[in-house]
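One structure is given here, and the rest of the page talks about it.
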Amino acid sequence: MRVPRVIPCLDVDAGRVVKGVNFVDLVDAGDPVELARRYDEEGADELVFLDITASSGGRDTMVEVARHTAEEVFIPFTIGGGIRSLDDARRLLRAGADKISVNTAAVERPELITELSAEFGAQCVVAAIDARRNDGGESPGEAAGFEVYTHGGRTATGTEAVAWARRCERLGAGEILLTSMDRDGTRDGFDTELTRRVVDATNIPVIASGGVGTLDHLVEGITEGGADAVLAASIFHFSQHSIAEAKEHMARAGLQVRPVA
Amino acid sequence: MSTNGRLVAVLDYGIGNLRSAQKALQRQGADARLTADPALVADAEGVVLPGVGAFGQCMRALESSGLAQPALDAIVAGKPFLGICVGMQMLYEGSEEAPDIPGLGILPGQVRLLPGEVKRPQMQWNALRVRRRSPLLAGLDEPIWMYFVHSYVPDDRANAIATCEYGTEIVAAVEKESLWATQFHPEKSGSAGLRLLSNFLDLVASSGAT
């Protein structure tokens with residue numbers, strides 16, 4: 001039985017959730033732990049915390065976020081953003097994170113994935129890949145390519161995304177968090193072609209990310225993209241839809257999901 | 001749930017995220033300690049052996065931490081014992097993941113690669129099918145959803161109390177006397193998982209009661 005996961009993503013800046021989270025009845029909508037608890041109660045299958053802190057001092061606050069979350073929330077959670085070393089990862093895992101995701105640091109030094117996997121196990125190493133279309137096919141009708149971007153989508157790498165995903169699996173990643181930079185923030189839906197290509201090229205779970213604006217988009221990520229999990233931020237944060245509504249919608253579309261208790 | 005306060009040793013042999021298991025047990029009322037101290041393990045009323053990652057690495061770490069023998073002693077003494085994920089797998093004779101490294105061998109059987117054309121690891125929530133009534137699953141009504149992360153699974157049909165469907169039917173939880181083990185992560189399975197841990201603490205309490 002295949003049971004796709006629904007994963008809300010929380011962007012954290014200096015220990016505070018940003019991107020205008022808007023639950024009317026939360027005492028402190030910026031508190032990552034309170035939001036995590038809320039999503040757990042709503043039936044989220046996992047959580048992703050993304051550290052978008054620009055300053056280097058932000059690392060310590062994420063360890064605290066992991067520590068407090070692990071005390072109160074008993075579903076799996078991943079922490080990503082700025083992890084560059086085994087020590088960074090160890091501190092987060094020891095604090096209670098289940099997985100860590102690496103992006104820029106892994107592109108710059110791919111062996112990091114192998115080292116993390118050897119030290120902590122593949123199951124806790126998520127390769128986060130930000131990809132953007134480059135439509136520079138040589139002839140009309142040629143399939144679009146996808147290029148890996150780093151530094152939060154600002155830096156083109158010249159690396160082809162599907163090949164990089166395959167390489168991440170070989171290096172020891174246990175899961176891929178695949179974000180379409182073209183769709184991120186657009187609410188136009190996942191780039192299901194990108195998702196499908198990576199899913200077909202790898203044999204580890206793939207989380208589709210970037211572009212969710214409706215509940216149908218979540219379904220499309222699974223049925224068209226073939227993803228094992230769907231990640232979204234704004235549709236959940238703004239109380240546009242609850243996780244329970246998302247699960248019900250997916251179930252009505254014929255997908256097997258963990259129902260909300 | 002009974003006010004518990006029972007001393008439960010969570011074996012800390014340096015692998016992965018052990019803090020969640022400790023915090024979940026504490027949430028359910030246990031005096032749960034992460035420990036590598038054999039004396040504390042001997043004093044504990046219940047023992048939990050977590051584990052994530054690779055079988056061979058976990059076995060080597062368990063051996064070199066000096067906790068393999070105390071774990072076996074606790075099981076042989078009939079102390080309530082709970083193995084989780086690779087902590088379950090290590091209870092068996094060996095694993096296809098590391099054929100040269102023997103397991104603890106307290107349960108008969110081998111740990112085998114998840115069969116068939118399935119994605120490995122299974123990294124998702126899955127619904128348990130109860131195969132045998134067990135106090136570990138008391139108060140949990142099917143479908144019981146638990147969180148799994150694994151590529152291998154014990155072939156132990158004889159002791160199975162619950163299975164799940166992943167390409168084929170696989171063993172999800174086992175029971176043998178006062179030894180229980182789950183392939184899934186109760187400490188990461190929300191309220192159902194917390195209930196299972198609470199059931200384990202009830203077993204610890206009733207075992208320790210004189």
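Here's how to read the names in the structure tokens: chain A, B, ... by the order shown, residue numbers from 1 in each chain, ligand numbers from 1 in the order shown.
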Going by DSSP on the backbone, which bits of stretch 18-106 of chain A are alpha helix (DSSP H)? Write them as JSON, numbers by chain, please. {"A": [32, 33, 34, 35, 36, 37, 38, 39, 40, 41, 42, 59, 60, 61, 62, 63, 64, 65, 66, 67, 68, 69, 70, 71, 72, 86, 87, 88, 89, 90, 91, 92, 93, 94, 95, 104, 105, 106]}
Limited to C-alpha atoms, could you put the picked residues into a file as a compact mmCIF listing (two decimals), in the first residue's frame?
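So part-v9.txt came out as:
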```txt
# COMPACT_ATOMS: atom_id res chain seq x y z
CA PRO A 32 7.44 27.28 15.18
CA VAL A 33 6.63 24.84 17.94
CA GLU A 34 3.07 26.06 18.34
CA LEU A 35 2.51 25.85 14.60
CA ALA A 36 4.06 22.40 14.49
CA ARG A 37 1.70 21.25 17.22
CA ARG A 38 -1.24 22.67 15.30
CA TYR A 39 -0.27 20.87 12.10
CA ASP A 40 0.23 17.65 14.02
CA GLU A 41 -3.29 17.94 15.45
CA GLU A 42 -4.66 18.68 11.98
CA ARG A 59 22.14 27.92 13.42
CA ASP A 60 21.77 27.80 17.16
CA THR A 61 18.15 28.86 17.02
CA MET A 62 17.32 25.91 14.75
CA VAL A 63 18.80 23.52 17.28
CA GLU A 64 16.44 25.06 19.82
CA VAL A 65 13.52 24.70 17.41
CA ALA A 66 14.38 21.02 16.99
CA ARG A 67 14.72 20.55 20.73
CA HIS A 68 11.38 22.15 21.60
CA THR A 69 9.54 20.51 18.72
CA ALA A 70 10.77 17.07 19.77
CA GLU A 71 9.37 17.65 23.22
CA GLU A 72 5.87 18.35 22.00
CA LEU A 86 28.48 16.51 9.97
CA ASP A 87 28.57 18.58 13.13
CA ASP A 88 25.67 20.78 11.98
CA ALA A 89 23.66 17.65 11.24
CA ARG A 90 24.63 15.86 14.44
CA ARG A 91 23.47 18.73 16.63
CA LEU A 92 20.07 18.87 14.92
CA LEU A 93 19.57 15.10 15.02
CA ARG A 94 20.65 14.85 18.64
CA ALA A 95 18.21 17.66 19.44
CA THR A 104 23.79 24.23 -1.58
CA ALA A 105 26.47 22.53 0.50
CA ALA A 106 25.82 19.22 -1.25
```
Using only C-alpha atoms, I'd like every residue of chain B that has an atom within 10 Å of chain A; please write them out as number ranges by chain. B: 14-24, 26-27, 52-55, 57-58, 118-127, 143-147, 149-151, 164-169, 185-194
Please identify all polymer residues within 10 Å of A:Thr223, counting only C-alpha atoms, omitting same-chain residues fewer than 5 positions from it, and present them as an MDAnalysis selection string. chainID A and resid 192 196 217:218 228 253:255
For those residues, write all heavy atoms to a file as a CSV table (one decimal), in the first residue's frame.
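Okay, out_34.csv is ready:
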```csv
chain,number,residue,atom,x,y,z
A,192,THR,N,4.7,19.2,-12.7
A,192,THR,CA,4.6,17.7,-12.6
A,192,THR,C,5.5,17.0,-13.7
A,192,THR,O,5.9,15.8,-13.5
A,192,THR,CB,3.2,17.2,-12.9
A,192,THR,OG1,2.7,17.8,-14.1
A,192,THR,CG2,2.3,17.7,-11.7
A,196,ARG,N,7.8,14.1,-12.3
A,196,ARG,CA,7.8,12.8,-13.0
A,196,ARG,C,9.2,12.3,-13.5
A,196,ARG,O,9.5,11.2,-13.3
A,196,ARG,CB,6.8,12.8,-14.2
A,196,ARG,CG,6.7,11.6,-15.0
A,196,ARG,CD,6.4,10.4,-14.2
A,196,ARG,NE,5.0,10.3,-13.8
A,196,ARG,CZ,4.5,9.3,-13.0
A,196,ARG,NH1,5.2,8.4,-12.6
A,196,ARG,NH2,3.2,9.4,-12.7
A,217,HIS,N,-4.1,20.6,-6.9
A,217,HIS,CA,-2.6,20.5,-7.1
A,217,HIS,C,-2.0,19.4,-6.3
A,217,HIS,O,-1.0,18.8,-6.8
A,217,HIS,CB,-2.0,21.9,-6.8
A,217,HIS,CG,-2.4,23.0,-7.8
A,217,HIS,ND1,-2.4,24.3,-7.4
A,217,HIS,CD2,-2.9,22.9,-9.0
A,217,HIS,CE1,-2.8,25.0,-8.4
A,217,HIS,NE2,-3.1,24.2,-9.4
A,218,LEU,N,-2.4,19.2,-5.1
A,218,LEU,CA,-1.8,18.2,-4.3
A,218,LEU,C,-2.1,16.8,-4.9
A,218,LEU,O,-1.1,16.0,-5.0
A,218,LEU,CB,-2.5,18.2,-2.8
A,218,LEU,CG,-2.3,19.4,-2.0
A,218,LEU,CD1,-3.0,19.4,-0.7
A,218,LEU,CD2,-0.8,19.7,-1.7
A,228,ASP,N,5.9,10.8,-3.9
A,228,ASP,CA,5.5,10.1,-2.7
A,228,ASP,C,5.0,11.0,-1.6
A,228,ASP,O,4.4,10.5,-0.6
A,228,ASP,CB,6.8,9.4,-2.2
A,228,ASP,CG,7.3,8.4,-3.2
A,228,ASP,OD1,6.9,7.3,-3.3
A,228,ASP,OD2,8.2,8.8,-4.0
A,253,ALA,N,-10.3,11.8,-4.4
A,253,ALA,CA,-9.7,11.6,-5.7
A,253,ALA,C,-9.2,10.2,-5.8
A,253,ALA,O,-8.5,9.9,-6.8
A,253,ALA,CB,-8.6,12.6,-5.9
A,254,GLY,N,-9.4,9.3,-4.9
A,254,GLY,CA,-9.0,7.9,-5.0
A,254,GLY,C,-7.6,7.6,-4.4
A,254,GLY,O,-7.1,6.5,-4.6
A,255,LEU,N,-7.0,8.6,-3.8
A,255,LEU,CA,-5.7,8.3,-3.2
A,255,LEU,C,-5.9,7.7,-1.8
A,255,LEU,O,-6.8,8.1,-1.0
A,255,LEU,CB,-4.9,9.6,-3.1
A,255,LEU,CG,-4.5,10.2,-4.4
A,255,LEU,CD1,-3.8,11.6,-4.2
A,255,LEU,CD2,-3.7,9.3,-5.3
```
Just the strand (DSSP E) stuff from stretch 54-143 of chain B, please, per backbone DSSP, written as a list in words. Phe81, Leu82, Gly83, Ile84, Gly94, Ser95, Gln110, Val111, Arg112, Leu113, Gln122, Met123, Gln124, Trp125, Asn126, Ala127, Leu128, Arg129 and Val130 of chain B
Writing out the chosen residues with all heavy atoms as a compact mmCIF listing (two decimals), in the first residue's frame:
```txt
# COMPACT_ATOMS: atom_id res chain seq x y z
N PHE B 81 10.66 -5.27 27.54
CA PHE B 81 11.66 -4.78 26.61
C PHE B 81 10.97 -4.43 25.31
O PHE B 81 10.12 -5.18 24.83
CB PHE B 81 12.69 -5.89 26.37
CG PHE B 81 13.94 -5.46 25.65
CD1 PHE B 81 15.12 -5.22 26.35
CD2 PHE B 81 13.95 -5.32 24.26
CE1 PHE B 81 16.29 -4.83 25.67
CE2 PHE B 81 15.10 -4.92 23.59
CZ PHE B 81 16.28 -4.69 24.31
N LEU B 82 11.33 -3.25 24.75
CA LEU B 82 10.72 -2.81 23.50
C LEU B 82 11.81 -2.43 22.50
O LEU B 82 12.60 -1.52 22.74
CB LEU B 82 9.80 -1.60 23.75
CG LEU B 82 9.13 -0.97 22.53
CD1 LEU B 82 8.18 -1.93 21.84
CD2 LEU B 82 8.40 0.31 22.92
N GLY B 83 11.85 -3.14 21.39
CA GLY B 83 12.77 -2.80 20.30
C GLY B 83 12.03 -2.00 19.24
O GLY B 83 10.89 -2.31 18.92
N ILE B 84 12.69 -0.97 18.72
CA ILE B 84 12.05 -0.09 17.73
C ILE B 84 12.90 -0.04 16.46
O ILE B 84 14.09 0.27 16.53
CB ILE B 84 11.85 1.33 18.29
CG1 ILE B 84 10.89 1.32 19.50
CG2 ILE B 84 11.31 2.26 17.20
CD1 ILE B 84 10.76 2.66 20.21
N GLY B 94 20.24 -12.36 12.21
CA GLY B 94 21.09 -11.63 11.28
C GLY B 94 20.24 -10.92 10.26
O GLY B 94 19.00 -11.01 10.29
N SER B 95 20.90 -10.17 9.37
CA SER B 95 20.18 -9.38 8.37
C SER B 95 20.86 -9.49 7.02
O SER B 95 22.09 -9.50 6.93
CB SER B 95 20.13 -7.91 8.79
OG SER B 95 19.60 -7.11 7.75
N GLN B 110 15.51 -14.20 10.31
CA GLN B 110 16.40 -13.29 9.61
C GLN B 110 15.65 -12.02 9.23
O GLN B 110 14.43 -12.03 9.09
CB GLN B 110 16.91 -13.96 8.33
CG GLN B 110 17.88 -15.12 8.55
CD GLN B 110 19.24 -14.63 9.06
OE1 GLN B 110 19.73 -13.57 8.64
NE2 GLN B 110 19.85 -15.39 9.95
N VAL B 111 16.43 -10.97 9.06
CA VAL B 111 15.88 -9.72 8.57
C VAL B 111 16.17 -9.66 7.07
O VAL B 111 17.32 -9.84 6.66
CB VAL B 111 16.51 -8.51 9.30
CG1 VAL B 111 15.93 -7.20 8.78
CG2 VAL B 111 16.29 -8.65 10.80
N ARG B 112 15.13 -9.44 6.28
CA ARG B 112 15.28 -9.54 4.83
C ARG B 112 14.89 -8.25 4.12
O ARG B 112 14.07 -7.48 4.62
CB ARG B 112 14.42 -10.68 4.28
CG ARG B 112 14.77 -12.02 4.91
CD ARG B 112 14.14 -13.20 4.20
NE ARG B 112 14.41 -14.44 4.93
CZ ARG B 112 15.60 -15.08 4.90
NH1 ARG B 112 16.59 -14.60 4.16
NH2 ARG B 112 15.77 -16.18 5.59
N LEU B 113 15.48 -8.05 2.94
CA LEU B 113 15.14 -6.89 2.11
C LEU B 113 13.64 -6.92 1.81
O LEU B 113 13.07 -7.97 1.53
CB LEU B 113 15.94 -6.95 0.79
CG LEU B 113 15.83 -5.74 -0.13
CD1 LEU B 113 16.49 -4.51 0.50
CD2 LEU B 113 16.47 -6.05 -1.47
N GLN B 122 10.55 1.96 2.62
CA GLN B 122 9.17 2.35 2.88
C GLN B 122 9.27 3.52 3.85
O GLN B 122 9.75 3.37 4.97
CB GLN B 122 8.35 1.22 3.53
CG GLN B 122 7.00 1.77 4.03
CD GLN B 122 6.01 0.79 4.62
OE1 GLN B 122 4.83 0.90 4.37
NE2 GLN B 122 6.49 -0.15 5.42
N MET B 123 8.89 4.70 3.39
CA MET B 123 8.97 5.89 4.24
C MET B 123 7.61 6.53 4.22
O MET B 123 7.31 7.38 3.39
CB MET B 123 10.05 6.84 3.70
CG MET B 123 10.28 8.07 4.57
SD MET B 123 11.51 9.20 3.85
CE MET B 123 13.06 8.44 4.29
N GLN B 124 6.73 6.08 5.09
CA GLN B 124 5.35 6.57 5.08
C GLN B 124 4.61 6.02 6.29
O GLN B 124 5.11 5.19 7.03
CB GLN B 124 4.64 6.07 3.81
CG GLN B 124 4.54 4.55 3.75
CD GLN B 124 3.71 4.04 2.57
OE1 GLN B 124 3.45 4.77 1.62
NE2 GLN B 124 3.28 2.79 2.62
N TRP B 125 3.39 6.54 6.47
CA TRP B 125 2.48 5.96 7.43
C TRP B 125 1.80 4.76 6.78
O TRP B 125 1.53 4.77 5.58
CB TRP B 125 1.41 6.97 7.83
CG TRP B 125 1.93 8.17 8.56
CD1 TRP B 125 2.63 9.20 8.01
CD2 TRP B 125 1.79 8.46 9.96
NE1 TRP B 125 2.94 10.13 8.99
CE2 TRP B 125 2.42 9.69 10.19
CE3 TRP B 125 1.19 7.81 11.02
CZ2 TRP B 125 2.49 10.29 11.44
CZ3 TRP B 125 1.23 8.38 12.28
CH2 TRP B 125 1.88 9.61 12.48
N ASN B 126 1.55 3.74 7.56
CA ASN B 126 0.84 2.58 7.03
C ASN B 126 -0.10 2.05 8.11
O ASN B 126 0.10 2.30 9.30
CB ASN B 126 1.83 1.50 6.57
CG ASN B 126 1.26 0.61 5.48
OD1 ASN B 126 0.04 0.45 5.37
ND2 ASN B 126 2.14 0.02 4.68
N ALA B 127 -1.12 1.33 7.67
CA ALA B 127 -2.16 0.85 8.60
C ALA B 127 -1.83 -0.57 9.05
O ALA B 127 -1.55 -1.43 8.22
CB ALA B 127 -3.52 0.88 7.91
N LEU B 128 -1.85 -0.79 10.35
CA LEU B 128 -1.58 -2.12 10.89
C LEU B 128 -2.81 -3.01 10.75
O LEU B 128 -3.94 -2.55 10.87
CB LEU B 128 -1.23 -2.05 12.38
CG LEU B 128 -0.07 -1.17 12.82
CD1 LEU B 128 0.24 -1.43 14.29
CD2 LEU B 128 1.17 -1.42 11.96
N ARG B 129 -2.54 -4.28 10.51
CA ARG B 129 -3.56 -5.32 10.67
C ARG B 129 -3.19 -6.13 11.88
O ARG B 129 -2.09 -6.69 11.95
CB ARG B 129 -3.54 -6.27 9.48
CG ARG B 129 -4.10 -5.70 8.22
CD ARG B 129 -4.23 -6.84 7.24
NE ARG B 129 -4.19 -6.32 5.89
CZ ARG B 129 -3.93 -7.07 4.83
NH1 ARG B 129 -3.66 -8.36 4.98
NH2 ARG B 129 -3.94 -6.53 3.64
N VAL B 130 -4.08 -6.18 12.82
CA VAL B 130 -3.79 -6.93 14.04
C VAL B 130 -3.92 -8.42 13.75
O VAL B 130 -4.94 -8.88 13.22
CB VAL B 130 -4.74 -6.51 15.18
CG1 VAL B 130 -4.48 -7.35 16.43
CG2 VAL B 130 -4.57 -5.03 15.49
```
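Coordinates place atom CA of B:Gly51 at a distance of 20.5 Å from atom CA of B:Val204.
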From B:Phe148, B:Leu72, B:Met90, B:Cys85, residue lying nearest B:Thr182 [only C-alpha atoms]: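 Answer, going by the shortest atom-to-atom distance: B:Cys85.
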Do a neighbour search on B:Leu104 at 10 Å with only C-alpha atoms, toss out local chain neighbours closer than 4 positions, and write the hits as a PyMOL selection string. chain B and resi 59+62-63+68-69+71-72+89-94+108
Suppose we keep all heavy atoms; can you now write the selection as a tab-separated table (two decimals), in the first residue's frame?
```tsv
chain	number	residue	atom	x	y	z
B	59	MET	N	24.57	-2.63	14.99
B	59	MET	CA	25.08	-3.76	15.77
B	59	MET	C	26.48	-3.45	16.30
B	59	MET	O	26.80	-3.70	17.46
B	59	MET	CB	25.13	-5.03	14.92
B	59	MET	CG	23.94	-5.96	14.99
B	59	MET	SD	23.22	-6.28	16.63
B	59	MET	CE	24.54	-7.07	17.52
B	62	LEU	N	26.23	-0.95	19.05
B	62	LEU	CA	25.66	-1.53	20.26
B	62	LEU	C	26.72	-2.37	20.99
B	62	LEU	O	26.85	-2.29	22.21
B	62	LEU	CB	24.45	-2.39	19.90
B	62	LEU	CG	23.63	-2.94	21.07
B	62	LEU	CD1	22.92	-1.80	21.80
B	62	LEU	CD2	22.60	-3.97	20.59
B	63	GLU	N	27.48	-3.14	20.21
B	63	GLU	CA	28.54	-3.96	20.81
B	63	GLU	C	29.61	-3.08	21.45
B	63	GLU	O	30.02	-3.29	22.59
B	63	GLU	CB	29.19	-4.86	19.74
B	63	GLU	CG	28.27	-5.86	19.08
B	63	GLU	CD	28.03	-7.12	19.90
B	63	GLU	OE1	28.56	-7.20	21.03
B	63	GLU	OE2	27.32	-8.02	19.40
B	68	ALA	N	25.21	-4.42	24.45
B	68	ALA	CA	24.57	-5.62	23.88
B	68	ALA	C	24.28	-6.64	24.98
B	68	ALA	O	23.16	-7.17	25.06
B	68	ALA	CB	25.47	-6.24	22.82
B	69	GLN	N	25.25	-6.91	25.83
B	69	GLN	CA	25.03	-7.90	26.89
B	69	GLN	C	23.98	-7.45	27.91
B	69	GLN	O	23.08	-8.23	28.24
B	69	GLN	CB	26.36	-8.24	27.58
B	69	GLN	CG	26.28	-9.48	28.48
B	69	GLN	CD	25.81	-10.73	27.71
B	69	GLN	OE1	26.31	-11.02	26.62
B	69	GLN	NE2	24.84	-11.47	28.26
B	71	ALA	N	21.50	-5.60	27.38
B	71	ALA	CA	20.21	-5.72	26.70
B	71	ALA	C	19.73	-7.17	26.75
B	71	ALA	O	18.58	-7.45	27.10
B	71	ALA	CB	20.31	-5.23	25.26
B	72	LEU	N	20.63	-8.08	26.42
B	72	LEU	CA	20.28	-9.50	26.45
B	72	LEU	C	19.91	-9.94	27.87
B	72	LEU	O	18.95	-10.69	28.07
B	72	LEU	CB	21.45	-10.34	25.93
B	72	LEU	CG	21.65	-10.31	24.41
B	72	LEU	CD1	22.97	-10.96	24.02
B	72	LEU	CD2	20.48	-11.02	23.71
B	89	GLN	N	15.13	-5.11	14.56
B	89	GLN	CA	15.86	-6.00	13.65
B	89	GLN	C	17.05	-6.65	14.35
B	89	GLN	O	17.39	-7.81	14.09
B	89	GLN	CB	16.32	-5.22	12.42
B	89	GLN	CG	15.15	-4.67	11.59
B	89	GLN	CD	15.61	-3.85	10.40
B	89	GLN	OE1	16.80	-3.64	10.18
B	89	GLN	NE2	14.65	-3.36	9.61
B	90	MET	N	17.69	-5.91	15.25
B	90	MET	CA	18.89	-6.44	15.92
B	90	MET	C	18.57	-7.61	16.84
B	90	MET	O	19.47	-8.34	17.24
B	90	MET	CB	19.60	-5.33	16.71
B	90	MET	CG	20.28	-4.30	15.80
B	90	MET	SD	21.40	-3.18	16.69
B	90	MET	CE	20.26	-2.23	17.67
B	91	LEU	N	17.30	-7.79	17.19
B	91	LEU	CA	16.93	-8.90	18.07
B	91	LEU	C	17.02	-10.25	17.34
B	91	LEU	O	17.04	-11.30	17.97
B	91	LEU	CB	15.50	-8.70	18.60
B	91	LEU	CG	15.28	-7.42	19.42
B	91	LEU	CD1	13.79	-7.20	19.66
B	91	LEU	CD2	16.02	-7.52	20.75
B	92	TYR	N	17.09	-10.22	16.00
B	92	TYR	CA	17.09	-11.44	15.21
B	92	TYR	C	18.51	-11.96	14.98
B	92	TYR	O	19.48	-11.35	15.41
B	92	TYR	CB	16.31	-11.21	13.91
B	92	TYR	CG	14.84	-11.04	14.21
B	92	TYR	CD1	14.31	-9.78	14.50
B	92	TYR	CD2	14.00	-12.13	14.31
B	92	TYR	CE1	12.97	-9.63	14.84
B	92	TYR	CE2	12.67	-12.00	14.66
B	92	TYR	CZ	12.16	-10.75	14.92
B	92	TYR	OH	10.85	-10.61	15.28
B	93	GLU	N	18.57	-13.10	14.27
B	93	GLU	CA	19.87	-13.78	14.13
B	93	GLU	C	20.82	-13.03	13.20
B	93	GLU	O	22.03	-13.06	13.38
B	93	GLU	CB	19.63	-15.20	13.62
B	93	GLU	CG	18.93	-16.06	14.66
B	93	GLU	CD	18.29	-17.33	14.07
B	93	GLU	OE1	18.77	-17.81	13.03
B	93	GLU	OE2	17.29	-17.80	14.64
B	94	GLY	N	20.24	-12.36	12.21
B	94	GLY	CA	21.09	-11.63	11.28
B	94	GLY	C	20.24	-10.92	10.26
B	94	GLY	O	19.00	-11.01	10.29
B	108	PRO	N	14.15	-15.85	16.81
B	108	PRO	CA	14.58	-16.66	15.67
B	108	PRO	C	14.19	-16.01	14.36
B	108	PRO	O	13.10	-15.44	14.24
B	108	PRO	CB	13.80	-17.97	15.87
B	108	PRO	CG	12.57	-17.57	16.61
B	108	PRO	CD	12.93	-16.38	17.46
```
With distances taken over only C-alpha atoms, which residue among A:Val219, A:Gly211, A:Glu224, A:Thr53 lies nearest A:Gly152?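 Checking each candidate against A:Gly152, we get A:Thr53 as the closest.
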